[in-house]
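Student: One file: final.txt (compact mmCIF, C-alpha atoms).
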# COMPACT_ATOMS: atom_id res chain seq x y z
CA MET E 1 0.00 0.00 0.00
CA ASP E 2 2.89 2.37 0.70
CA MET E 3 4.08 1.84 -2.87
CA ILE E 4 0.60 2.69 -4.22
CA LYS E 5 0.59 5.90 -2.16
CA LYS E 6 4.03 6.81 -3.50
CA ILE E 7 2.86 6.20 -7.06
CA ALA E 8 -0.22 8.37 -6.44
CA PHE E 9 1.93 11.17 -4.98
CA THR E 10 4.41 10.96 -7.87
CA ALA E 11 1.62 10.98 -10.46
CA SER E 12 -0.01 13.99 -8.79
CA THR E 13 3.31 15.87 -8.70
CA MET E 14 4.01 15.11 -12.36
CA LEU E 15 0.49 16.24 -13.29
CA PHE E 16 1.00 19.48 -11.37
CA VAL E 17 4.38 20.18 -13.05
CA LEU E 18 3.06 19.36 -16.54
CA ALA E 19 0.10 21.69 -15.98
CA GLN E 20 2.46 24.53 -15.02
CA ILE E 21 4.68 23.93 -18.07
CA PHE E 22 1.62 23.94 -20.30
CA SER E 23 0.40 27.17 -18.69
CA PHE E 24 3.74 28.92 -19.32
CA TYR E 25 3.70 27.72 -22.91
CA VAL E 26 0.16 29.03 -23.43
CA ILE E 27 1.08 32.40 -21.90
CA LEU E 28 4.20 32.84 -24.04
CA ALA E 29 2.42 31.67 -27.18
CA SER E 30 -0.44 34.05 -26.42
CA ARG E 31 1.91 37.02 -26.07
CA GLN E 32 3.77 36.22 -29.28
CA GLU E 33 0.48 35.77 -31.08
CA LYS E 34 -0.68 39.20 -29.92
CA ILE E 35 2.55 40.80 -31.16
CA LYS E 36 2.21 39.05 -34.52
CA LEU E 37 -1.37 40.18 -34.90
CA LEU E 38 -0.36 43.74 -34.02
CA GLU E 39 2.50 43.63 -36.53
CA ALA E 40 0.17 42.48 -39.29
CA GLN E 41 -2.43 45.15 -38.51
CA GLU E 42 0.07 48.02 -38.19
CA GLU E 43 1.89 46.92 -41.31
CA LYS E 44 -1.34 47.28 -43.30
CA VAL E 45 -1.84 50.81 -41.93
CA PHE E 46 1.78 51.76 -42.64
CA SER E 47 1.73 50.27 -46.17
CA ARG E 48 -1.38 52.22 -47.01
CA GLY E 49 0.19 55.43 -45.67
CA ILE E 50 3.39 54.84 -47.71
CA THR E 51 1.39 54.23 -50.86
CA ASP E 52 -0.82 57.31 -50.40
CA THR E 53 2.17 59.56 -49.59
CA PHE E 54 4.33 58.75 -52.56
CA ASN E 55 1.39 58.65 -54.96
CA ASP E 56 0.65 62.24 -53.92
CA VAL E 57 4.33 63.21 -54.22
CA HIS E 58 4.54 61.89 -57.78
CA LYS E 59 1.43 63.87 -58.74
CA VAL E 60 2.92 67.18 -57.55
CA ASN E 61 4.38 69.29 -60.39
CA TYR E 62 7.22 71.41 -59.05
CA GLY E 63 9.28 71.71 -62.18
CA GLU E 64 12.84 70.63 -62.37
CA SER E 65 13.48 69.94 -58.70
CA LEU E 66 11.60 68.10 -55.93
CA GLN E 67 12.09 69.94 -52.66
CA ASP E 68 12.11 68.15 -49.27
CA TYR E 69 9.33 70.37 -47.96
CA VAL E 70 7.06 68.99 -50.71
CA VAL E 71 7.78 65.41 -49.60
CA THR E 72 7.40 66.40 -45.93
CA TYR E 73 4.08 68.09 -46.64
CA CYS E 74 2.66 65.06 -48.39
CA PHE E 75 4.14 62.79 -45.72
CA ARG E 76 2.59 64.76 -42.83
CA ASP E 77 -0.85 64.78 -44.47
CA ASN E 78 -0.97 61.11 -45.42
CA MET E 79 1.05 59.11 -42.86
CA PRO E 80 -0.41 57.86 -39.51
CA GLU E 81 0.50 59.47 -36.18
CA GLY E 82 3.87 58.34 -34.82
CA SER E 83 5.63 58.45 -38.21
CA ALA E 84 9.08 59.84 -39.03
CA LEU E 85 10.88 60.70 -42.28
CA PHE E 86 14.64 60.49 -42.88
CA LYS E 87 16.68 61.27 -45.96
CA GLU E 88 20.00 59.44 -46.15
CA GLY E 89 20.32 59.45 -42.34
CA ARG E 90 19.13 63.04 -41.91
CA GLU E 91 15.90 63.63 -40.04
CA ILE E 92 13.40 65.66 -42.06
CA TYR E 93 10.27 65.07 -39.98
CA ASN E 94 9.57 63.17 -36.76
CA GLY E 95 6.01 62.88 -35.44
CA SER E 96 7.02 60.13 -32.98
CA SER E 97 7.72 60.75 -29.29
CA PHE E 98 9.81 57.56 -29.01
CA ALA E 99 13.57 57.31 -29.34
CA PHE E 100 14.37 54.48 -31.73
CA ASP E 101 17.61 53.38 -33.36
CA VAL E 102 17.63 54.39 -37.08
CA GLY E 103 20.94 52.53 -37.53
CA LYS E 104 19.26 49.15 -37.06
CA VAL E 105 17.54 49.42 -40.40
CA LYS E 106 19.23 47.11 -42.90
CA PHE E 107 17.23 46.45 -46.03
CA GLU E 108 17.89 43.31 -47.99
CA LYS E 109 17.27 42.95 -51.67
CA GLY E 110 13.59 42.54 -52.45
CA MET E 111 12.37 43.84 -49.07
CA SER E 112 9.89 46.71 -49.10
CA ILE E 113 8.95 46.99 -45.41
CA LEU E 114 11.13 46.08 -42.45
CA CYS E 115 9.89 45.48 -38.88
CA GLU E 116 12.11 45.48 -35.80
CA GLN E 117 11.29 45.17 -32.09
CA GLU E 118 13.23 47.53 -29.83
CA LYS E 119 13.35 48.39 -26.15
CA SER E 120 13.86 52.07 -25.35
CA ASP E 121 13.61 53.78 -21.95
CA GLY E 122 11.68 50.84 -20.52
CA SER E 123 9.22 50.78 -23.41
CA TYR E 124 8.80 47.99 -25.93
CA LEU E 125 8.54 49.34 -29.50
CA LEU E 126 7.62 47.92 -32.88
CA VAL E 127 9.45 49.96 -35.52
CA PHE E 128 8.30 49.66 -39.16
CA CYS E 129 10.46 51.10 -41.92
CA ALA E 130 10.05 51.49 -45.68
CA GLU E 131 12.43 52.87 -48.34
CA ASP E 132 11.47 54.74 -51.48
CA ARG E 133 13.42 56.63 -54.14
CA LEU E 134 12.15 59.84 -55.71
CA TYR E 135 13.55 61.51 -58.77
CA GLY E 136 14.05 65.22 -58.92
CA GLY E 137 15.14 67.42 -61.75
CA GLY E 138 17.86 66.03 -63.98
CA ALA E 139 16.98 62.48 -62.96
CA GLN E 140 18.53 63.07 -59.55
CA GLU E 141 17.64 60.20 -57.23
CA ASP E 142 16.78 60.91 -53.58
CA SER E 143 16.41 58.02 -51.08
CA TYR E 144 13.89 58.49 -48.27
CA LEU E 145 13.28 56.25 -45.21
CA CYS E 146 9.83 56.28 -43.62
CA PHE E 147 9.37 55.04 -40.04
CA TYR E 148 6.28 54.14 -38.08
CA VAL E 149 6.60 53.38 -34.33
CA VAL E 150 4.07 51.48 -32.19
CA ASP E 151 4.33 51.19 -28.40
CA ILE E 152 3.56 47.61 -27.41
CA THR E 153 4.53 47.95 -23.72
CA PHE E 154 0.87 47.41 -22.79
CA LEU E 155 1.10 43.94 -24.32
CA TYR E 156 3.91 43.01 -21.95
CA LYS E 157 2.03 44.46 -19.01
CA GLU E 158 -1.15 42.63 -20.00
CA SER E 159 0.86 39.47 -20.56
CA PHE E 160 2.33 39.73 -17.08
CA LEU E 161 -1.08 40.22 -15.46
CA LEU E 162 -2.47 37.48 -17.65
CA ALA E 163 0.41 35.25 -16.62
CA VAL E 164 -0.31 35.88 -12.93
CA ARG E 165 -3.99 35.11 -13.41
CA GLU E 166 -3.41 32.05 -15.56
CA ILE E 167 -0.70 30.66 -13.27
CA THR E 168 -2.97 31.19 -10.24
CA VAL E 169 -5.85 29.44 -11.97
CA SER E 170 -3.51 26.73 -13.22
CA VAL E 171 -2.08 26.13 -9.75
CA LEU E 172 -5.56 25.89 -8.23
CA VAL E 173 -6.82 23.60 -11.00
CA SER E 174 -3.69 21.45 -10.78
CA LEU E 175 -4.02 21.16 -7.02
CA ALA E 176 -7.67 20.23 -7.41
CA MET E 177 -6.76 17.61 -10.01
CA ALA E 178 -4.00 16.25 -7.80
CA VAL E 179 -6.37 16.02 -4.81
CA LEU E 180 -8.98 14.35 -7.03
CA LEU E 181 -6.40 11.89 -8.33
CA VAL E 182 -5.26 11.00 -4.81
CA PHE E 183 -8.90 10.67 -3.71
CA LEU E 184 -9.73 8.35 -6.62
CA ILE E 185 -6.63 6.22 -6.05
CA LYS E 186 -7.41 6.05 -2.33
CA LYS E 187 -11.02 5.09 -3.08
CA ILE E 188 -9.90 2.39 -5.49
CA THR E 189 -7.18 1.02 -3.24
CA SER E 190 -8.93 1.28 0.14
CA PRO E 191 -10.66 -2.15 -0.23
CA LEU E 192 -7.29 -3.64 -1.13
CA GLU E 193 -5.68 -1.80 1.77
CA ALA E 194 -8.35 -3.09 4.18
CA ALA E 195 -7.91 -6.65 2.93
CA ASN E 196 -4.15 -6.29 3.12
CA GLU E 197 -4.34 -4.97 6.68
CA ALA E 198 -6.72 -7.76 7.69
CA GLN E 199 -4.39 -10.39 6.23
CA ARG E 200 -1.40 -8.73 7.87
CA GLN E 201 -3.12 -8.87 11.25
CA LEU E 202 -4.16 -12.43 10.55
CA ILE E 203 -0.60 -13.48 9.76
CA GLY E 204 0.72 -11.69 12.86
CA SER E 205 -1.89 -13.34 15.04
CA MET E 206 -1.22 -16.71 13.45
CA SER E 207 2.50 -16.36 14.17
CA HIS E 208 1.64 -15.71 17.81
CA GLU E 209 -0.84 -18.61 17.84
CA LEU E 210 1.69 -21.04 16.37
CA LYS E 211 4.51 -20.10 18.71
CA THR E 212 3.23 -21.80 21.89
CA PRO E 213 2.34 -25.24 20.47
CA LEU E 214 5.43 -25.35 18.27
CA THR E 215 7.65 -24.56 21.24
CA ALA E 216 5.99 -27.30 23.29
CA ILE E 217 6.17 -29.83 20.42
CA LYS E 218 9.85 -29.04 19.94
CA GLY E 219 10.49 -29.39 23.70
CA TYR E 220 8.67 -32.73 23.98
CA SER E 221 10.39 -34.13 20.87
CA GLU E 222 13.83 -33.10 22.15
CA THR E 223 13.01 -34.73 25.52
CA LEU E 224 11.95 -37.97 23.79
CA LEU E 225 15.20 -38.00 21.81
CA SER E 226 17.58 -37.19 24.66
CA VAL E 227 16.00 -38.40 27.92
CA ARG E 228 14.92 -41.90 28.95
CA LEU E 229 11.29 -41.64 30.08
CA SER E 230 8.82 -44.06 31.56
CA GLN E 231 6.18 -45.53 29.26
CA GLU E 232 3.52 -43.35 30.86
CA GLN E 233 5.63 -40.19 30.32
CA GLU E 234 6.35 -41.15 26.71
CA GLU E 235 2.66 -41.68 26.00
CA LYS E 236 1.85 -38.33 27.60
CA ALA E 237 4.47 -36.58 25.46
CA LEU E 238 3.35 -38.36 22.27
CA ASN E 239 -0.31 -37.62 22.98
CA TYR E 240 0.51 -33.95 23.45
CA ILE E 241 2.51 -33.83 20.21
CA ASN E 242 -0.33 -35.62 18.37
CA ARG E 243 -3.00 -33.33 19.84
CA GLU E 244 -1.10 -30.12 19.12
CA SER E 245 -0.16 -31.29 15.62
CA GLY E 246 -3.84 -31.85 14.89
CA ARG E 247 -4.67 -28.41 16.23
CA LEU E 248 -2.01 -26.82 14.03
CA SER E 249 -3.35 -28.72 11.04
CA ARG E 250 -6.86 -27.42 11.70
CA LEU E 251 -5.50 -23.92 12.22
CA SER E 252 -3.71 -24.06 8.86
CA GLU E 253 -6.87 -25.19 7.07
CA LYS E 254 -8.95 -22.44 8.65
CA MET E 255 -6.30 -19.84 7.86
CA MET E 256 -6.32 -20.90 4.21
CA GLU E 257 -10.09 -20.60 4.06
CA LEU E 258 -10.14 -17.27 5.86
CA THR E 259 -7.32 -15.75 3.77
CA ARG E 260 -9.09 -16.73 0.55
CA LEU E 261 -12.36 -15.21 1.72
CA TYR E 262 -10.65 -11.90 2.60
CA GLU E 263 -9.61 -11.41 -1.03
CA PRO E 264 -11.76 -8.71 -2.76
CA GLU E 265 -12.00 -10.77 -5.95
CA CYS E 266 -13.16 -13.88 -4.06
CA ARG E 267 -16.10 -15.49 -5.87
CA ILE E 268 -17.99 -18.58 -4.76
CA ALA E 269 -20.17 -20.90 -6.79
CA LEU E 270 -23.73 -20.91 -5.45
CA GLN E 271 -26.06 -23.80 -6.18
CA GLU E 272 -29.41 -25.04 -4.93
CA VAL E 273 -28.74 -27.08 -1.78
CA PRO E 274 -31.55 -28.94 0.05
CA LEU E 275 -31.46 -27.88 3.71
CA GLU E 276 -32.08 -31.43 4.90
CA THR E 277 -28.92 -32.56 3.04
CA LEU E 278 -26.94 -29.68 4.55
CA PHE E 279 -28.12 -30.44 8.10
CA GLU E 280 -27.39 -34.17 7.73
CA ALA E 281 -23.78 -33.40 6.70
CA VAL E 282 -23.34 -31.07 9.67
CA GLN E 283 -24.85 -33.60 12.12
CA GLU E 284 -22.58 -36.35 10.86
CA ASN E 285 -19.50 -34.14 11.34
CA VAL E 286 -20.28 -33.01 14.91
CA SER E 287 -21.93 -36.20 16.21
CA TYR E 288 -18.79 -37.59 17.87
CA ARG E 289 -18.01 -34.36 19.71
CA LEU E 290 -21.63 -33.93 20.79
CA ALA E 291 -21.69 -37.46 22.19
CA GLU E 292 -18.37 -36.87 23.91
CA SER E 293 -19.72 -33.69 25.56
CA GLY E 294 -23.12 -35.18 26.42
CA ILE E 295 -24.91 -32.46 24.47
CA SER E 296 -27.85 -33.02 22.12
CA LEU E 297 -28.47 -31.27 18.79
CA ILE E 298 -32.05 -30.35 17.90
CA ILE E 299 -33.13 -29.30 14.39
CA GLU E 300 -35.83 -26.61 14.29
CA GLY E 301 -37.50 -24.17 11.97
CA ASP E 302 -39.18 -24.42 8.59
CA TYR E 303 -36.50 -26.33 6.66
CA GLN E 304 -38.17 -29.49 5.38
CA GLY E 305 -38.51 -29.56 1.62
CA ARG E 306 -36.68 -26.23 1.29
CA ALA E 307 -33.50 -25.44 -0.66
CA MET E 308 -31.17 -22.42 -0.69
CA LYS E 309 -28.53 -21.13 -3.08
CA LEU E 310 -25.34 -21.85 -1.17
CA ASP E 311 -21.78 -23.02 -1.38
CA PHE E 312 -22.26 -26.41 0.26
CA ASP E 313 -18.76 -26.77 1.74
CA LEU E 314 -18.52 -23.22 3.07
CA MET E 315 -21.97 -23.24 4.63
CA THR E 316 -21.27 -26.62 6.20
CA SER E 317 -18.12 -25.09 7.71
CA PHE E 318 -20.20 -22.10 8.87
CA LEU E 319 -22.65 -24.28 10.83
CA ILE E 320 -19.97 -26.63 12.20
CA ASN E 321 -17.97 -23.70 13.58
CA LEU E 322 -21.06 -22.29 15.27
CA ILE E 323 -21.93 -25.67 16.81
CA ASN E 324 -18.35 -26.13 18.07
CA ASN E 325 -18.54 -22.71 19.74
CA SER E 326 -21.89 -23.65 21.31
CA ILE E 327 -20.46 -26.93 22.62
CA MET E 328 -17.72 -24.99 24.42
CA ALA E 329 -20.28 -22.57 25.89
CA SER E 330 -22.69 -25.31 27.05
CA GLN E 331 -22.70 -27.62 30.06
CA PRO E 332 -22.90 -31.42 29.71
CA GLY E 333 -26.50 -32.46 29.18
CA GLY E 334 -27.30 -29.16 27.48
CA ARG E 335 -29.00 -28.61 24.13
CA ILE E 336 -27.97 -26.88 20.91
CA TYR E 337 -30.46 -25.90 18.20
CA MET E 338 -29.80 -25.65 14.45
CA GLY E 339 -32.53 -24.24 12.26
CA ALA E 340 -33.58 -22.48 9.09
CA ARG E 341 -36.28 -20.31 7.56
CA GLU E 342 -36.74 -18.94 4.07
CA HIS E 343 -33.84 -16.49 4.15
CA SER E 344 -31.79 -17.46 7.19
CA LEU E 345 -29.84 -20.21 8.96
CA TRP E 346 -28.89 -20.24 12.63
CA VAL E 347 -27.36 -22.08 15.55
CA ARG E 348 -28.39 -21.28 19.13
CA ASP E 349 -27.49 -22.63 22.54
CA GLU E 350 -28.48 -22.33 26.18
CA GLY E 351 -24.93 -21.75 27.39
CA CYS E 352 -23.09 -19.05 29.25
CA GLY E 353 -23.70 -16.30 26.68
CA ILE E 354 -21.46 -13.42 25.65
CA PRO E 355 -21.09 -10.13 27.58
CA PRO E 356 -22.62 -7.23 25.61
CA LYS E 357 -19.28 -5.39 25.29
CA GLU E 358 -17.68 -8.53 23.81
CA ILE E 359 -20.25 -9.26 21.09
CA GLU E 360 -18.58 -7.18 18.35
CA LYS E 361 -15.09 -8.22 19.42
CA VAL E 362 -15.76 -11.95 18.94
CA ARG E 363 -16.06 -11.32 15.20
CA LYS E 364 -12.32 -10.62 15.03
CA ALA E 365 -9.83 -13.37 14.30
CA PHE E 366 -8.09 -14.92 17.35
CA TYR E 367 -10.29 -13.11 19.85
CA ARG E 368 -11.56 -15.25 22.75
CA VAL E 369 -14.05 -14.27 25.45
CA ASP E 370 -12.76 -16.84 27.96
CA LYS E 371 -9.13 -17.26 27.02
CA SER E 372 -8.24 -19.96 29.54
CA ARG E 373 -11.21 -22.16 28.66
CA SER E 374 -10.71 -21.60 24.93
CA ARG E 375 -7.06 -22.62 25.00
CA LYS E 376 -7.86 -25.69 27.08
CA SER E 377 -10.55 -26.76 24.61
CA GLY E 378 -8.32 -26.08 21.62
CA ASN E 379 -10.35 -23.14 20.34
CA MET E 380 -8.22 -20.80 18.23
CA GLY E 381 -10.59 -17.87 18.04
CA LEU E 382 -10.97 -18.21 14.27
CA GLY E 383 -14.46 -19.72 14.15
CA LEU E 384 -16.60 -16.57 14.14
CA ALA E 385 -14.10 -14.62 12.00
CA LEU E 386 -14.38 -17.36 9.38
CA CYS E 387 -18.20 -17.42 9.73
CA GLU E 388 -18.30 -13.63 9.23
CA GLN E 389 -16.47 -13.94 5.91
CA ILE E 390 -18.56 -16.93 4.78
CA ALA E 391 -21.74 -14.93 5.48
CA ALA E 392 -20.42 -11.96 3.48
CA ALA E 393 -19.38 -14.27 0.60
CA HIS E 394 -23.01 -15.47 0.49
CA HIS E 395 -24.25 -11.87 0.06
CA GLY E 396 -25.54 -11.73 3.61
CA ARG E 397 -24.45 -10.93 7.13
CA MET E 398 -23.85 -12.69 10.41
CA GLU E 399 -26.03 -11.58 13.32
CA ILE E 400 -25.22 -12.34 16.96
CA GLU E 401 -27.82 -12.23 19.74
CA SER E 402 -26.68 -13.15 23.22
CA LYS E 403 -27.55 -12.78 26.91
CA GLU E 404 -25.22 -13.76 29.70
CA GLY E 405 -26.39 -16.90 31.46
CA GLU E 406 -29.15 -17.54 28.88
CA GLY E 407 -27.35 -18.42 25.69
CA THR E 408 -26.33 -17.20 22.25
CA LYS E 409 -27.88 -17.28 18.78
CA VAL E 410 -25.74 -16.71 15.68
CA SER E 411 -27.50 -16.42 12.31
CA TRP E 412 -26.72 -15.98 8.65
CA VAL E 413 -29.29 -13.62 7.13
CA GLU E 414 -29.46 -13.37 3.37
CA GLY E 415 -29.05 -9.87 1.88
CA CYS E 416 -30.57 -7.08 4.00
CA ARG E 417 -33.52 -9.10 5.28
CA LYS E 418 -34.16 -9.08 8.98
CA GLN E 419 -34.65 -12.41 10.67
CA ARG E 420 -37.93 -12.79 12.53
Take the structure in the file and give it back as structure tokens.
Tutor:
Amino acid sequence: MDMIKKIAFTASTMLFVLAQIFSFYVILASRQEKIKLLEAQEEKVFSRGITDTFNDVHKVNYGESLQDYVVTYCFRDNMPEGSALFKEGREIYNGSSFAFDVGKVKFEKGMSILCEQEKSDGSYLLVFCAEDRLYGGGAQEDSYLCFYVVDITFLYKESFLLAVREITVSVLVSLAMAVLLVFLIKKITSPLEAANEAQRQLIGSMSHELKTPLTAIKGYSETLLSVRLSQEQEEKALNYINRESGRLSRLSEKMMELTRLYEPECRIALQEVPLETLFEAVQENVSYRLAESGISLIIEGDYQGRAMKLDFDLMTSFLINLINNSIMASQPGGRIYMGAREHSLWVRDEGCGIPPKEIEKVRKAFYRVDKSRSRKSGNMGLGLALCEQIAAAHHGRMEIESKEGEGTKVSWVEGCRKQR
């Protein structure tokens, strides 16, 4: 589970970082797109002004020479605000309030309009420039440079504010997505985590449960190998080893069943089982122990001729475990009842009962109400934990009703139906 949490955290972090990178990319692309759109729009305005100016200049008839004031006049009347006119490096007219570098203009062959981005006195400028040649008297050629300056500082300011807003939104959205991702992973993995924790506790408890009998078995076996004992002592040691070996074998079987039932993907095959057949199998299994304890088993309820959809082996184990618990809680000569109705099965006794504060605890693996009596009888505290899982696997629940000194009734109730 720790690995899953690490993967979730790593995935969330990567998602957050990728979202920020994407946000920066969008912001930069947005700013460049604005500048390109502005360049295209201003270039159209400037081109139209250039065309109108020099068309007017060519129409003017001033005789043999074309004076600068004529060009300046036409320029001032036709060019947009923020324009400037230079002749071979000399300023003739400047309607721009910005200081821009005229020396940056380098026309290549075939270029008609040049656009440069400059930074001057903290302002960001787009500087457009066009070159034209006019002919005066005697075919004298005069070269003029026309400039048009646009302040785009507001774009940078807007981009910065936009960046702050978009990054803030991006951070919040990314955090929300990361939290959602962690929540979804936690929701998906929590059943696995619960099953894993239950199995971990089960294995830890089993290790504790195995330690005592294994230590005793090892001690008795070493004594038999190294010490000469009387026949009576040998039989006692061998009987203990045999008894504890059987208990460990039963513990292993129950642990295998219980571990399998804890798995989330556990599926059981349900089939129609006649209740009379089920009860006969249970009676046959517990008959020897009942006779040994002097306790009688009575079948009750409306079960004759009825059948239920069950896993035969698991439900047999369910009833046997309940009867074994009732045998331990009952006095010799007592009675145990096993019964059924349409949607429920149960086992009840007239034994010592369970204290109210212990009723929920007995559902847990390895928990015993009377620890000394349970150990003496060989009870491992797995019976009701196994029954709980068998009931859940059959799409039902296990209900426990008990009163101290009066007895206990444990039932499997199908689905959400209440037993009457």
Student: Atom CA of Ala281 of chain E and atom CA of Gly415 of chain E are how many Å apart?
Tutor: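 Separation between atom CA of Ala281 of chain E and atom CA of Gly415 of chain E: 24.6 Å.
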Student: Near Met79 of chain E, within 6 Å and counting all atoms listed in the file, which residues show up once chain neighbours fewer than 2 positions away are dropped, as an MDAnalysis selection string?
Tutor: chainID E and resid 49 75:76
Student: Under the rule that only C-alpha atoms are counted, which of E:Lys186, E:Asn239, E:Leu229, E:Ala392 is the nearest residue to Ile217 of chain E?
Tutor: E:Asn239
Student: Can you pull out every residue within 12 Å of segment 153-157 of chain E, counting only C-alpha atoms, but drop anything in the same chain fewer than 6 positions away, and send it as a ChimeraX atom specification?
Tutor: /E:27-28,30-38,117-126,163-164
Student: Atom CA of Asn242 of chain E and atom CA of Ser226 of chain E, how far apart in Å?
Tutor: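 Taking atom CA of Ser226 of chain E as the start and atom CA of Asn242 of chain E as the end point, the length is 19.0 Å.
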Student: When you look at Gln271 of chain E with a cut-off of 10 Å (counting all atoms listed in the file), what residues show up, excluding the ones that are within fewer than 5 positions of it in the same chain? I need them as a ChimeraX atom specification.
Tutor: /E:307-312
Student: Between atom CA of Cys352 of chain E and atom CA of Gly333 of chain E, what is the spacing in Å?
Tutor: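 Separation of atom CA of Gly333 of chain E and atom CA of Cys352 of chain E: 13.8 Å.
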